[in-house]
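**Q** For reference, the file upload16.cif (mmCIF, C-alpha atoms) is included below:
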data_protein
#
loop_
_atom_site.group_PDB
_atom_site.id
_atom_site.type_symbol
_atom_site.label_atom_id
_atom_site.label_comp_id
_atom_site.auth_asym_id
_atom_site.auth_seq_id
_atom_site.Cartn_x
_atom_site.Cartn_y
_atom_site.Cartn_z
ATOM 1 C CA MET A 1 -30.406 -34.518 57.350
ATOM 2 C CA LEU A 2 -33.494 -34.512 55.153
ATOM 3 C CA VAL A 3 -36.076 -34.874 57.913
ATOM 4 C CA ASP A 4 -36.408 -34.639 61.651
ATOM 5 C CA THR A 5 -40.137 -35.045 62.261
ATOM 6 C CA VAL A 6 -41.085 -38.605 61.339
ATOM 7 C CA THR A 7 -42.030 -41.279 63.829
ATOM 8 C CA TYR A 8 -40.112 -44.472 64.477
ATOM 9 C CA GLU A 9 -42.880 -46.480 62.802
ATOM 10 C CA GLU A 10 -42.450 -44.461 59.609
ATOM 11 C CA VAL A 11 -38.752 -45.275 59.306
ATOM 12 C CA CYS A 12 -38.619 -48.655 61.045
ATOM 13 C CA MET A 13 -36.958 -51.181 58.836
ATOM 14 C CA CYS A 14 -34.745 -54.187 58.908
ATOM 15 C CA SER A 15 -32.326 -55.859 56.547
ATOM 16 C CA ALA A 16 -35.046 -57.995 54.957
ATOM 17 C CA ALA A 17 -37.192 -54.972 54.126
ATOM 18 C CA LEU A 18 -34.146 -53.229 52.676
ATOM 19 C CA ALA A 19 -33.456 -56.324 50.555
ATOM 20 C CA ASN A 20 -37.074 -56.499 49.440
ATOM 21 C CA PHE A 21 -36.996 -52.919 48.198
ATOM 22 C CA PHE A 22 -34.191 -53.769 45.758
ATOM 23 C CA ILE A 23 -35.631 -57.187 44.864
ATOM 24 C CA GLN A 24 -38.923 -55.514 43.948
ATOM 25 C CA LYS A 25 -37.157 -52.822 41.888
ATOM 26 C CA ALA A 26 -35.204 -55.495 40.002
ATOM 27 C CA LYS A 27 -38.400 -57.433 39.225
ATOM 28 C CA GLU A 28 -40.218 -54.281 38.069
ATOM 29 C CA GLU A 29 -37.395 -53.409 35.677
ATOM 30 C CA ASP A 30 -36.524 -56.984 34.686
ATOM 31 C CA ILE A 31 -32.958 -56.669 35.953
ATOM 32 C CA GLU A 32 -31.191 -59.800 37.151
ATOM 33 C CA LEU A 33 -30.209 -59.477 40.798
ATOM 34 C CA SER A 34 -27.779 -61.911 42.408
ATOM 35 C CA ASN A 35 -27.153 -62.140 46.132
ATOM 36 C CA LEU A 36 -23.758 -60.445 45.640
ATOM 37 C CA LYS A 37 -25.285 -57.498 43.792
ATOM 38 C CA LEU A 38 -28.161 -57.288 46.275
ATOM 39 C CA GLN A 39 -25.770 -57.177 49.233
ATOM 40 C CA LYS A 40 -23.842 -54.269 47.706
ATOM 41 C CA LEU A 41 -26.994 -52.335 46.785
ATOM 42 C CA MET A 42 -28.331 -52.858 50.301
ATOM 43 C CA TYR A 43 -25.069 -51.619 51.791
ATOM 44 C CA ILE A 44 -24.920 -48.538 49.579
ATOM 45 C CA GLY A 45 -28.591 -47.775 50.318
ATOM 46 C CA TYR A 46 -27.886 -48.212 54.019
ATOM 47 C CA GLY A 47 -24.919 -45.840 53.777
ATOM 48 C CA TRP A 48 -26.772 -43.194 51.808
ATOM 49 C CA THR A 49 -29.710 -43.269 54.202
ATOM 50 C CA LEU A 50 -27.428 -42.983 57.218
ATOM 51 C CA ALA A 51 -25.696 -39.994 55.640
ATOM 52 C CA LEU A 52 -28.865 -38.209 54.533
ATOM 53 C CA THR A 53 -31.325 -38.989 57.327
ATOM 54 C CA GLY A 54 -29.226 -40.323 60.206
ATOM 55 C CA ARG A 55 -31.375 -43.457 60.319
ATOM 56 C CA ASP A 56 -30.213 -47.085 60.316
ATOM 57 C CA LEU A 57 -32.414 -49.022 57.903
ATOM 58 C CA THR A 58 -31.220 -52.352 59.285
ATOM 59 C CA ASP A 59 -32.654 -51.631 62.737
ATOM 60 C CA GLY A 60 -29.226 -52.165 64.283
ATOM 61 C CA GLU A 61 -28.224 -55.319 62.413
ATOM 62 C CA GLY A 62 -25.752 -53.491 60.192
ATOM 63 C CA PHE A 63 -23.256 -55.199 57.900
ATOM 64 C CA GLN A 64 -20.210 -57.415 58.312
ATOM 65 C CA ALA A 65 -16.944 -57.319 56.355
ATOM 66 C CA TRP A 66 -16.758 -60.551 54.365
ATOM 67 C CA LYS A 67 -14.286 -61.531 51.648
ATOM 68 C CA HIS A 68 -16.428 -60.125 48.824
ATOM 69 C CA GLY A 69 -17.509 -56.980 50.646
ATOM 70 C CA PRO A 70 -20.168 -55.868 53.101
ATOM 71 C CA VAL A 71 -22.839 -58.468 53.867
ATOM 72 C CA SER A 72 -26.075 -58.613 55.801
ATOM 73 C CA PRO A 73 -25.733 -62.146 57.186
ATOM 74 C CA THR A 74 -29.472 -62.591 57.755
ATOM 75 C CA VAL A 75 -30.338 -61.807 54.145
ATOM 76 C CA TYR A 76 -27.320 -63.635 52.739
ATOM 77 C CA HIS A 77 -28.173 -66.904 54.483
ATOM 78 C CA GLN A 78 -31.813 -66.777 53.479
ATOM 79 C CA LEU A 79 -31.000 -66.158 49.806
ATOM 80 C CA LYS A 80 -27.788 -68.166 49.401
ATOM 81 C CA ARG A 81 -29.775 -70.977 47.829
ATOM 82 C CA TYR A 82 -29.741 -68.952 44.599
ATOM 83 C CA GLY A 83 -25.946 -69.135 44.451
ATOM 84 C CA SER A 84 -24.717 -66.628 41.882
ATOM 85 C CA GLY A 85 -28.026 -66.816 40.006
ATOM 86 C CA ALA A 86 -30.939 -64.413 39.997
ATOM 87 C CA ILE A 87 -33.001 -64.087 43.163
ATOM 88 C CA GLN A 88 -36.552 -65.236 42.448
ATOM 89 C CA GLU A 89 -38.509 -64.214 45.537
ATOM 90 C CA LYS A 90 -38.529 -61.690 48.334
ATOM 91 C CA ALA A 91 -36.807 -62.185 51.659
ATOM 92 C CA PHE A 92 -38.720 -62.992 54.852
ATOM 93 C CA GLU A 93 -42.447 -62.869 54.467
ATOM 94 C CA PHE A 94 -44.735 -62.277 57.437
ATOM 95 C CA ASP A 95 -45.292 -65.429 59.472
ATOM 96 C CA GLU A 96 -48.337 -65.173 61.739
ATOM 97 C CA GLU A 97 -47.421 -68.305 63.722
ATOM 98 C CA LEU A 98 -43.962 -67.049 64.576
ATOM 99 C CA GLY A 99 -45.074 -63.433 64.778
ATOM 100 C CA LEU A 100 -42.264 -62.301 62.507
ATOM 101 C CA TYR A 101 -42.889 -59.142 60.576
ATOM 102 C CA TYR A 102 -40.501 -57.138 58.510
ATOM 103 C CA PRO A 103 -41.972 -53.749 57.685
ATOM 104 C CA ASN A 104 -41.903 -52.200 54.256
ATOM 105 C CA VAL A 105 -39.935 -49.146 53.242
ATOM 106 C CA ASN A 106 -42.823 -46.863 54.121
ATOM 107 C CA SER A 107 -41.164 -43.519 54.738
ATOM 108 C CA PRO A 108 -41.207 -41.162 51.750
ATOM 109 C CA GLU A 109 -37.648 -40.117 52.621
ATOM 110 C CA ASN A 110 -36.426 -43.732 52.653
ATOM 111 C CA ILE A 111 -38.100 -44.403 49.316
ATOM 112 C CA GLN A 112 -36.588 -41.255 47.824
ATOM 113 C CA VAL A 113 -33.046 -42.121 48.936
ATOM 114 C CA LEU A 114 -33.237 -45.810 48.013
ATOM 115 C CA THR A 115 -34.778 -45.042 44.623
ATOM 116 C CA LYS A 116 -31.871 -42.685 43.891
ATOM 117 C CA VAL A 117 -29.396 -45.411 44.896
ATOM 118 C CA TRP A 118 -31.216 -47.860 42.618
ATOM 119 C CA ASP A 119 -31.231 -45.423 39.702
ATOM 120 C CA ILE A 120 -27.509 -44.737 40.032
ATOM 121 C CA TYR A 121 -26.231 -48.268 40.690
ATOM 122 C CA LYS A 122 -28.720 -50.674 39.038
ATOM 123 C CA SER A 123 -26.678 -50.951 35.856
ATOM 124 C CA PHE A 124 -23.455 -51.815 37.692
ATOM 125 C CA SER A 125 -22.476 -55.470 37.673
ATOM 126 C CA ALA A 126 -22.212 -57.330 40.958
ATOM 127 C CA TRP A 127 -18.440 -57.418 40.541
ATOM 128 C CA SER A 128 -18.228 -53.658 39.835
ATOM 129 C CA LEU A 129 -20.174 -52.964 43.018
ATOM 130 C CA ARG A 130 -17.884 -55.344 44.887
ATOM 131 C CA CYS A 131 -14.880 -53.381 43.605
ATOM 132 C CA LEU A 132 -16.447 -50.099 44.799
ATOM 133 C CA THR A 133 -16.755 -51.460 48.333
ATOM 134 C CA HIS A 134 -13.128 -52.689 48.253
ATOM 135 C CA GLU A 135 -11.532 -49.342 47.359
ATOM 136 C CA ASP A 136 -9.026 -47.731 49.692
ATOM 137 C CA GLY A 137 -10.732 -45.569 52.282
ATOM 138 C CA THR A 138 -13.977 -47.555 52.397
ATOM 139 C CA PRO A 139 -15.363 -48.798 55.718
ATOM 140 C CA TRP A 140 -15.031 -52.396 54.478
ATOM 141 C CA LYS A 141 -11.342 -51.871 53.680
ATOM 142 C CA ALA A 142 -10.779 -50.288 57.106
ATOM 143 C CA VAL A 143 -12.072 -53.294 59.055
ATOM 144 C CA PHE A 144 -11.701 -56.359 56.827
ATOM 145 C CA ASP A 145 -9.407 -59.004 58.270
ATOM 146 C CA PRO A 146 -8.870 -61.997 55.940
ATOM 147 C CA THR A 147 -7.989 -64.200 58.918
ATOM 148 C CA GLY A 148 -11.056 -63.279 60.968
ATOM 149 C CA MET A 149 -14.002 -62.752 58.660
ATOM 150 C CA TYR A 150 -17.358 -61.485 59.932
ATOM 151 C CA THR A 151 -16.078 -58.260 61.481
ATOM 152 C CA GLU A 152 -18.886 -55.781 62.115
ATOM 153 C CA ILE A 153 -18.562 -52.594 60.062
ATOM 154 C CA PRO A 154 -19.137 -49.718 62.519
ATOM 155 C CA VAL A 155 -22.137 -47.523 61.728
ATOM 156 C CA SER A 156 -20.028 -44.426 62.374
ATOM 157 C CA LEU A 157 -17.541 -45.393 59.633
ATOM 158 C CA VAL A 158 -20.337 -46.021 57.138
ATOM 159 C CA ASP A 159 -22.056 -42.734 58.014
ATOM 160 C CA GLN A 160 -18.839 -40.724 57.728
ATOM 161 C CA PHE A 161 -17.814 -42.399 54.451
ATOM 162 C CA TYR A 162 -21.154 -41.892 52.707
ATOM 163 C CA THR A 163 -21.524 -38.346 54.016
ATOM 164 C CA ASN A 164 -18.181 -37.547 52.378
ATOM 165 C CA GLU A 165 -19.099 -39.463 49.203
ATOM 166 C CA ILE A 166 -22.369 -37.589 48.780
ATOM 167 C CA LYS A 167 -20.708 -34.237 49.486
ATOM 168 C CA GLY A 168 -18.126 -35.101 46.847
ATOM 169 C CA MET A 169 -20.844 -35.996 44.338
ATOM 170 C CA LEU A 170 -22.682 -32.750 45.012
ATOM 171 C CA GLY A 171 -19.459 -30.753 44.787
ATOM 172 C CA SER A 172 -18.677 -32.152 41.364
ATOM 173 C CA ALA A 173 -22.209 -31.620 40.012
#
Let me see the structure of the file written as C-alpha coordinates.
**A**
Amino acid sequence: MLVDTVTYEEVCMCSAALANFFIQKAKEEDIELSNLKLQKLMYIGYGWTLALTGRDLTDGEGFQAWKHGPVSPTVYHQLKRYGSGAIQEKAFEFDEELGLYYPNVNSPENIQVLTKVWDIYKSFSAWSLRCLTHEDGTPWKAVFDPTGMYTEIPVSLVDQFYTNEIKGMLGSA
(Lines of atoms letter the chains of each structure in order from A and count residues from 1; the text may use other names and numbers.)
(Lines give C-alpha, C1' and ligand atoms only; values in the text may rest on other atoms or scores of the structure.)
Protein backbone atom coordinates (compact mmCIF):
# COMPACT_ATOMS: atom_id res chain seq x y z
CA MET A 1 0.00 0.00 0.00
CA LEU A 2 1.11 3.56 -0.68
CA VAL A 3 -0.23 5.12 2.52
CA ASP A 4 -1.56 4.16 5.90
CA THR A 5 -1.97 7.49 7.69
CA VAL A 6 -4.75 9.41 5.96
CA THR A 7 -8.16 10.04 7.45
CA TYR A 8 -11.44 8.73 6.09
CA GLU A 9 -12.39 12.25 4.99
CA GLU A 10 -9.25 12.46 2.86
CA VAL A 11 -10.08 9.32 0.89
CA CYS A 12 -13.87 9.35 1.07
CA MET A 13 -15.33 9.06 -2.37
CA CYS A 14 -18.21 7.63 -4.26
CA SER A 15 -18.88 6.52 -7.81
CA ALA A 16 -19.98 9.99 -8.90
CA ALA A 17 -16.77 11.61 -7.67
CA LEU A 18 -14.76 8.90 -9.42
CA ALA A 19 -16.72 9.61 -12.62
CA ASN A 20 -16.19 13.34 -12.25
CA PHE A 21 -12.43 12.92 -12.01
CA PHE A 22 -12.34 11.30 -15.46
CA ILE A 23 -14.98 13.64 -16.93
CA GLN A 24 -12.89 16.62 -15.83
CA LYS A 25 -9.69 15.10 -17.26
CA ALA A 26 -11.43 14.47 -20.59
CA LYS A 27 -12.67 18.08 -20.74
CA GLU A 28 -9.22 19.47 -19.86
CA GLU A 29 -7.59 17.46 -22.65
CA ASP A 30 -10.47 17.73 -25.14
CA ILE A 31 -10.92 13.96 -25.31
CA GLU A 32 -14.36 12.60 -26.13
CA LEU A 33 -15.66 10.44 -23.29
CA SER A 34 -18.68 8.19 -23.75
CA ASN A 35 -20.49 6.45 -20.92
CA LEU A 36 -18.95 3.13 -22.02
CA LYS A 37 -15.42 4.52 -21.91
CA LEU A 38 -16.10 6.32 -18.63
CA GLN A 39 -17.38 3.13 -17.00
CA LYS A 40 -14.22 1.23 -17.96
CA LEU A 41 -11.90 4.03 -16.82
CA MET A 42 -13.77 4.23 -13.52
CA TYR A 43 -13.46 0.48 -13.05
CA ILE A 44 -9.75 0.41 -13.85
CA GLY A 45 -9.16 3.40 -11.54
CA TYR A 46 -11.15 1.64 -8.83
CA GLY A 47 -9.07 -1.52 -9.30
CA TRP A 48 -5.74 0.27 -9.28
CA THR A 49 -6.64 2.22 -6.16
CA LEU A 50 -7.79 -0.92 -4.37
CA ALA A 51 -4.52 -2.64 -5.27
CA LEU A 52 -2.25 0.27 -4.34
CA THR A 53 -3.99 1.79 -1.31
CA GLY A 54 -6.53 -0.79 -0.17
CA ARG A 55 -9.29 1.81 -0.41
CA ASP A 56 -12.64 1.50 -2.19
CA LEU A 57 -13.25 4.72 -4.11
CA THR A 58 -16.92 3.87 -4.62
CA ASP A 59 -17.63 3.92 -0.88
CA GLY A 60 -18.96 0.37 -1.08
CA GLU A 61 -21.09 0.72 -4.21
CA GLY A 62 -18.65 -1.22 -6.36
CA PHE A 63 -19.38 -2.42 -9.89
CA GLN A 64 -21.74 -4.90 -11.52
CA ALA A 65 -21.02 -7.29 -14.39
CA TRP A 66 -23.12 -6.14 -17.34
CA LYS A 67 -23.01 -7.33 -20.95
CA HIS A 68 -20.43 -4.73 -22.00
CA GLY A 69 -18.28 -4.99 -18.89
CA PRO A 70 -18.15 -3.57 -15.38
CA VAL A 71 -20.67 -0.81 -14.67
CA SER A 72 -21.42 1.58 -11.84
CA PRO A 73 -25.23 1.55 -12.10
CA THR A 74 -25.65 4.91 -10.35
CA VAL A 75 -23.37 6.72 -12.79
CA TYR A 76 -24.61 4.78 -15.81
CA HIS A 77 -28.26 5.68 -15.21
CA GLN A 78 -27.51 9.34 -14.62
CA LEU A 79 -25.45 9.65 -17.82
CA LYS A 80 -27.29 7.24 -20.13
CA ARG A 81 -29.06 10.18 -21.74
CA TYR A 82 -25.87 10.77 -23.74
CA GLY A 83 -26.19 7.36 -25.39
CA SER A 84 -22.91 6.53 -27.11
CA GLY A 85 -22.10 10.23 -27.50
CA ALA A 86 -19.75 12.42 -25.51
CA ILE A 87 -20.67 13.22 -21.92
CA GLN A 88 -21.20 16.97 -21.59
CA GLU A 89 -21.46 17.55 -17.85
CA LYS A 90 -20.34 16.13 -14.54
CA ALA A 91 -22.29 13.57 -12.56
CA PHE A 92 -24.25 14.47 -9.42
CA GLU A 93 -23.76 18.00 -8.28
CA PHE A 94 -24.34 19.02 -4.67
CA ASP A 95 -28.01 19.54 -3.89
CA GLU A 96 -28.56 21.55 -0.71
CA GLU A 97 -32.28 20.72 -0.54
CA LEU A 98 -31.70 16.99 -0.67
CA GLY A 99 -28.45 17.19 1.26
CA LEU A 100 -26.63 15.10 -1.33
CA TYR A 101 -22.92 15.64 -1.56
CA TYR A 102 -20.38 13.69 -3.49
CA PRO A 103 -16.88 14.60 -2.37
CA ASN A 104 -14.04 15.32 -4.74
CA VAL A 105 -10.96 13.20 -5.22
CA ASN A 106 -9.10 15.09 -2.53
CA SER A 107 -6.43 12.66 -1.41
CA PRO A 108 -3.03 13.18 -3.06
CA GLU A 109 -2.66 9.39 -3.30
CA ASN A 110 -6.02 9.01 -5.07
CA ILE A 111 -5.13 11.78 -7.50
CA GLN A 112 -1.74 10.21 -8.19
CA VAL A 113 -3.20 6.77 -8.92
CA LEU A 114 -6.14 8.02 -10.99
CA THR A 115 -3.93 10.38 -12.99
CA LYS A 116 -1.66 7.44 -13.85
CA VAL A 117 -4.69 5.41 -14.95
CA TRP A 118 -5.85 8.34 -17.09
CA ASP A 119 -2.41 8.79 -18.65
CA ILE A 120 -2.15 5.10 -19.55
CA TYR A 121 -5.70 4.46 -20.78
CA LYS A 122 -7.04 7.79 -22.11
CA SER A 123 -6.07 7.00 -25.69
CA PHE A 124 -7.81 3.61 -25.69
CA SER A 125 -11.17 3.49 -27.42
CA ALA A 126 -14.25 2.57 -25.43
CA TRP A 127 -14.38 -0.76 -27.26
CA SER A 128 -10.69 -1.51 -26.55
CA LEU A 129 -11.28 -0.90 -22.85
CA ARG A 130 -14.36 -3.12 -23.02
CA CYS A 131 -12.22 -5.88 -24.53
CA LEU A 132 -9.66 -5.52 -21.71
CA THR A 133 -12.35 -6.09 -19.10
CA HIS A 134 -13.65 -9.15 -21.01
CA GLU A 135 -10.33 -11.04 -21.15
CA ASP A 136 -10.00 -14.45 -19.53
CA GLY A 137 -9.03 -14.17 -15.89
CA THR A 138 -10.69 -10.80 -15.28
CA PRO A 139 -13.13 -10.34 -12.40
CA TRP A 140 -15.88 -9.48 -14.90
CA LYS A 141 -15.29 -12.74 -16.79
CA ALA A 142 -15.33 -14.70 -13.52
CA VAL A 143 -18.79 -13.51 -12.48
CA PHE A 144 -20.65 -12.48 -15.64
CA ASP A 145 -23.79 -14.51 -16.27
CA PRO A 146 -25.55 -13.62 -19.55
CA THR A 147 -28.85 -14.94 -18.18
CA GLY A 148 -28.70 -12.97 -14.93
CA MET A 149 -27.08 -9.61 -15.56
CA TYR A 150 -26.27 -7.20 -12.74
CA THR A 151 -24.08 -9.56 -10.73
CA GLU A 152 -21.93 -7.70 -8.20
CA ILE A 153 -18.20 -8.00 -8.89
CA PRO A 154 -16.60 -8.87 -5.53
CA VAL A 155 -14.10 -6.31 -4.24
CA SER A 156 -11.69 -9.12 -3.36
CA LEU A 157 -11.56 -10.32 -6.99
CA VAL A 158 -10.92 -6.80 -8.27
CA ASP A 159 -8.21 -6.19 -5.66
CA GLN A 160 -6.46 -9.48 -6.39
CA PHE A 161 -6.66 -9.01 -10.18
CA TYR A 162 -5.27 -5.47 -10.19
CA THR A 163 -2.59 -6.30 -7.63
CA ASN A 164 -1.37 -9.02 -10.00
CA GLU A 165 -1.72 -6.74 -13.05
CA ILE A 166 0.35 -3.98 -11.47
CA LYS A 167 2.99 -6.45 -10.27
CA GLY A 168 3.17 -7.79 -13.81
CA MET A 169 3.57 -4.28 -15.23
CA LEU A 170 6.33 -3.49 -12.76
CA GLY A 171 8.05 -6.80 -13.45
CA SER A 172 8.17 -6.12 -17.16
CA ALA A 173 9.43 -2.53 -16.76
**Q** Looking at all atoms listed in the file, which of A:Thr58, A:Ser15, A:Thr151, A:Gln78 is the one that sits closest to Asn35 (chain A)?
**A**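 Of all the options, A:Gln78 lies closest to Asn35 (chain A).
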**Q** Using the chain letters and numbering of this document, enumerate as a list of chain:residue names the residues selected by the PyMOL selection byres ((chain A and resi 37) around 8).
**A**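 Written out, the selection comes to A:Leu33, A:Ser34, A:Asn35, A:Leu36, A:Leu38, A:Gln39, A:Lys40, A:Leu41, A:Ser125, A:Ala126, A:Trp127, A:Leu129, A:Arg130.
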**Q** Between CA of Leu132 (chain A) and CA of Tyr43 (chain A), what is the distance in Å, rounded to a tenth?
**A**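 A separation of 11.2 Å between them.
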**Q** Just say which residues the PyMOL selection byres ((chain A and resi 16) around 8) picks in this file, as a ChimeraX atom specification.
**A** /A:14-15,17-20,74-75,91-92,102
**Q** Please indicate the distance in Å from CA of Gly168 (chain A) to CA of Ser107 (chain A), rounded to one decimal place.
**A**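 Distance reported for this atom pair: 25.8 Å.
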**Q** With 6 Å added on each side, what axis-aligned box encloses every listed atom of region 123-141 of chain A? Give the centre and edge lengths in Å to one decimal, as AutoDock Vina command-line options.
**A**
--center_x -17.9 --center_y -51.5 --center_z 45.8 --size_x 29.7 --size_y 23.8 --size_z 31.9
**Q** Taking all atoms listed in the file into account, name the residue in A:Thr49, A:Pro108, A:His134, A:Thr147 that is nearest to Tyr162 (chain A).
**A**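 For Tyr162 (chain A), the nearest of the candidates is A:Thr49.
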**Q** What lies within 9 Å of Phe144 (chain A) using all atoms listed in the file, ignoring chain neighbours under 5 positions off, as a list in words?
**A**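 After dropping sequence-adjacent residues, the list is Gln64, Ala65, Trp66, Lys67, Gly69, Pro139, Met149, Tyr150, Thr151, Glu152 and Ile153 of chain A.
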**Q** Measure the distance from CA of Arg81 (chain A) to CA of Lys25 (chain A) in Å and round it to one decimal.
**A**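 For CA of Arg81 (chain A) relative to CA of Lys25 (chain A), the distance reads 20.5 Å.
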**Q** Which residue is closest to Leu52 (chain A)? Choose from A:Val113, A:Val71, A:Leu170, A:Val158 and count only C-alpha atoms.
**A**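 Result for the nearest residue to Leu52 (chain A): A:Val113.
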**Q** Exactly which residues make up the result of the PyMOL selection byres ((chain A and resi 48) around 12) on this file, given as a PyMOL selection string?
**A** chain A and resi 1-2+41-47+49-57+109-118+120+155+158-167+169
**Q** Mind checking which residues fall within 12 Å of Asp30 (chain A), counting all atoms listed in the file, ignoring those fewer than 4 positions away in the same chain, and posting them as a PDB file with C-alpha atoms, in the frame of the given file?
**A**
ATOM      1  CA  PHE A  22     -34.191 -53.769  45.758  1.00  0.00           C
ATOM      2  CA  ILE A  23     -35.631 -57.187  44.864  1.00  0.00           C
ATOM      3  CA  GLN A  24     -38.923 -55.514  43.948  1.00  0.00           C
ATOM      4  CA  LYS A  25     -37.157 -52.822  41.888  1.00  0.00           C
ATOM      5  CA  ALA A  26     -35.204 -55.495  40.002  1.00  0.00           C
ATOM      6  CA  ALA A  86     -30.939 -64.413  39.997  1.00  0.00           C
ATOM      7  CA  ILE A  87     -33.001 -64.087  43.163  1.00  0.00           C
ATOM      8  CA  GLN A  88     -36.552 -65.236  42.448  1.00  0.00           C
ATOM      9  CA  LYS A 122     -28.720 -50.674  39.038  1.00  0.00           C
ATOM     10  CA  SER A 123     -26.678 -50.951  35.856  1.00  0.00           C
TER      11      SER A 123
END
**Q** Could you rebuild region 32-45 of chain A with N, CA, C and O atoms and give it back as a PDB file, in the frame of the given file?
**A**
ATOM      1  N   GLU A  32     -31.626 -58.644  36.367  1.00  0.00           N
ATOM      2  CA  GLU A  32     -31.191 -59.800  37.151  1.00  0.00           C
ATOM      3  C   GLU A  32     -30.440 -59.315  38.391  1.00  0.00           C
ATOM      4  O   GLU A  32     -29.570 -58.443  38.307  1.00  0.00           O
ATOM      5  N   LEU A  33     -30.796 -59.887  39.523  1.00  0.00           N
ATOM      6  CA  LEU A  33     -30.209 -59.477  40.798  1.00  0.00           C
ATOM      7  C   LEU A  33     -29.698 -60.700  41.538  1.00  0.00           C
ATOM      8  O   LEU A  33     -30.495 -61.530  41.992  1.00  0.00           O
ATOM      9  N   SER A  34     -28.388 -60.818  41.643  1.00  0.00           N
ATOM     10  CA  SER A  34     -27.779 -61.911  42.408  1.00  0.00           C
ATOM     11  C   SER A  34     -27.655 -61.493  43.870  1.00  0.00           C
ATOM     12  O   SER A  34     -27.807 -60.315  44.208  1.00  0.00           O
ATOM     13  N   ASN A  35     -27.350 -62.443  44.717  1.00  0.00           N
ATOM     14  CA  ASN A  35     -27.153 -62.140  46.132  1.00  0.00           C
ATOM     15  C   ASN A  35     -25.980 -61.165  46.306  1.00  0.00           C
ATOM     16  O   ASN A  35     -26.060 -60.239  47.113  1.00  0.00           O
ATOM     17  N   LEU A  36     -24.911 -61.345  45.535  1.00  0.00           N
ATOM     18  CA  LEU A  36     -23.758 -60.445  45.640  1.00  0.00           C
ATOM     19  C   LEU A  36     -24.154 -59.011  45.291  1.00  0.00           C
ATOM     20  O   LEU A  36     -23.846 -58.075  46.029  1.00  0.00           O
ATOM     21  N   LYS A  37     -24.865 -58.845  44.190  1.00  0.00           N
ATOM     22  CA  LYS A  37     -25.285 -57.498  43.792  1.00  0.00           C
ATOM     23  C   LYS A  37     -26.268 -56.917  44.804  1.00  0.00           C
ATOM     24  O   LYS A  37     -26.180 -55.744  45.164  1.00  0.00           O
ATOM     25  N   LEU A  38     -27.196 -57.741  45.269  1.00  0.00           N
ATOM     26  CA  LEU A  38     -28.161 -57.288  46.275  1.00  0.00           C
ATOM     27  C   LEU A  38     -27.451 -56.797  47.528  1.00  0.00           C
ATOM     28  O   LEU A  38     -27.779 -55.736  48.059  1.00  0.00           O
ATOM     29  N   GLN A  39     -26.491 -57.562  48.014  1.00  0.00           N
ATOM     30  CA  GLN A  39     -25.770 -57.177  49.233  1.00  0.00           C
ATOM     31  C   GLN A  39     -25.117 -55.808  49.082  1.00  0.00           C
ATOM     32  O   GLN A  39     -25.150 -54.980  49.992  1.00  0.00           O
ATOM     33  N   LYS A  40     -24.525 -55.557  47.918  1.00  0.00           N
ATOM     34  CA  LYS A  40     -23.842 -54.269  47.706  1.00  0.00           C
ATOM     35  C   LYS A  40     -24.849 -53.133  47.580  1.00  0.00           C
ATOM     36  O   LYS A  40     -24.630 -52.050  48.112  1.00  0.00           O
ATOM     37  N   LEU A  41     -25.965 -53.368  46.880  1.00  0.00           N
ATOM     38  CA  LEU A  41     -26.994 -52.335  46.785  1.00  0.00           C
ATOM     39  C   LEU A  41     -27.586 -52.021  48.155  1.00  0.00           C
ATOM     40  O   LEU A  41     -27.816 -50.851  48.495  1.00  0.00           O
ATOM     41  N   MET A  42     -27.822 -53.059  48.948  1.00  0.00           N
ATOM     42  CA  MET A  42     -28.331 -52.858  50.301  1.00  0.00           C
ATOM     43  C   MET A  42     -27.363 -52.004  51.112  1.00  0.00           C
ATOM     44  O   MET A  42     -27.767 -51.069  51.803  1.00  0.00           O
ATOM     45  N   TYR A  43     -26.087 -52.339  51.026  1.00  0.00           N
ATOM     46  CA  TYR A  43     -25.069 -51.619  51.791  1.00  0.00           C
ATOM     47  C   TYR A  43     -24.986 -50.155  51.367  1.00  0.00           C
ATOM     48  O   TYR A  43     -24.927 -49.254  52.211  1.00  0.00           O
ATOM     49  N   ILE A  44     -24.989 -49.920  50.070  1.00  0.00           N
ATOM     50  CA  ILE A  44     -24.920 -48.538  49.579  1.00  0.00           C
ATOM     51  C   ILE A  44     -26.181 -47.775  49.995  1.00  0.00           C
ATOM     52  O   ILE A  44     -26.103 -46.630  50.451  1.00  0.00           O
ATOM     53  N   GLY A  45     -27.347 -48.410  49.879  1.00  0.00           N
ATOM     54  CA  GLY A  45     -28.591 -47.775  50.318  1.00  0.00           C
ATOM     55  C   GLY A  45     -28.580 -47.473  51.804  1.00  0.00           C
ATOM     56  O   GLY A  45     -29.019 -46.402  52.246  1.00  0.00           O
TER      57      GLY A  45
END
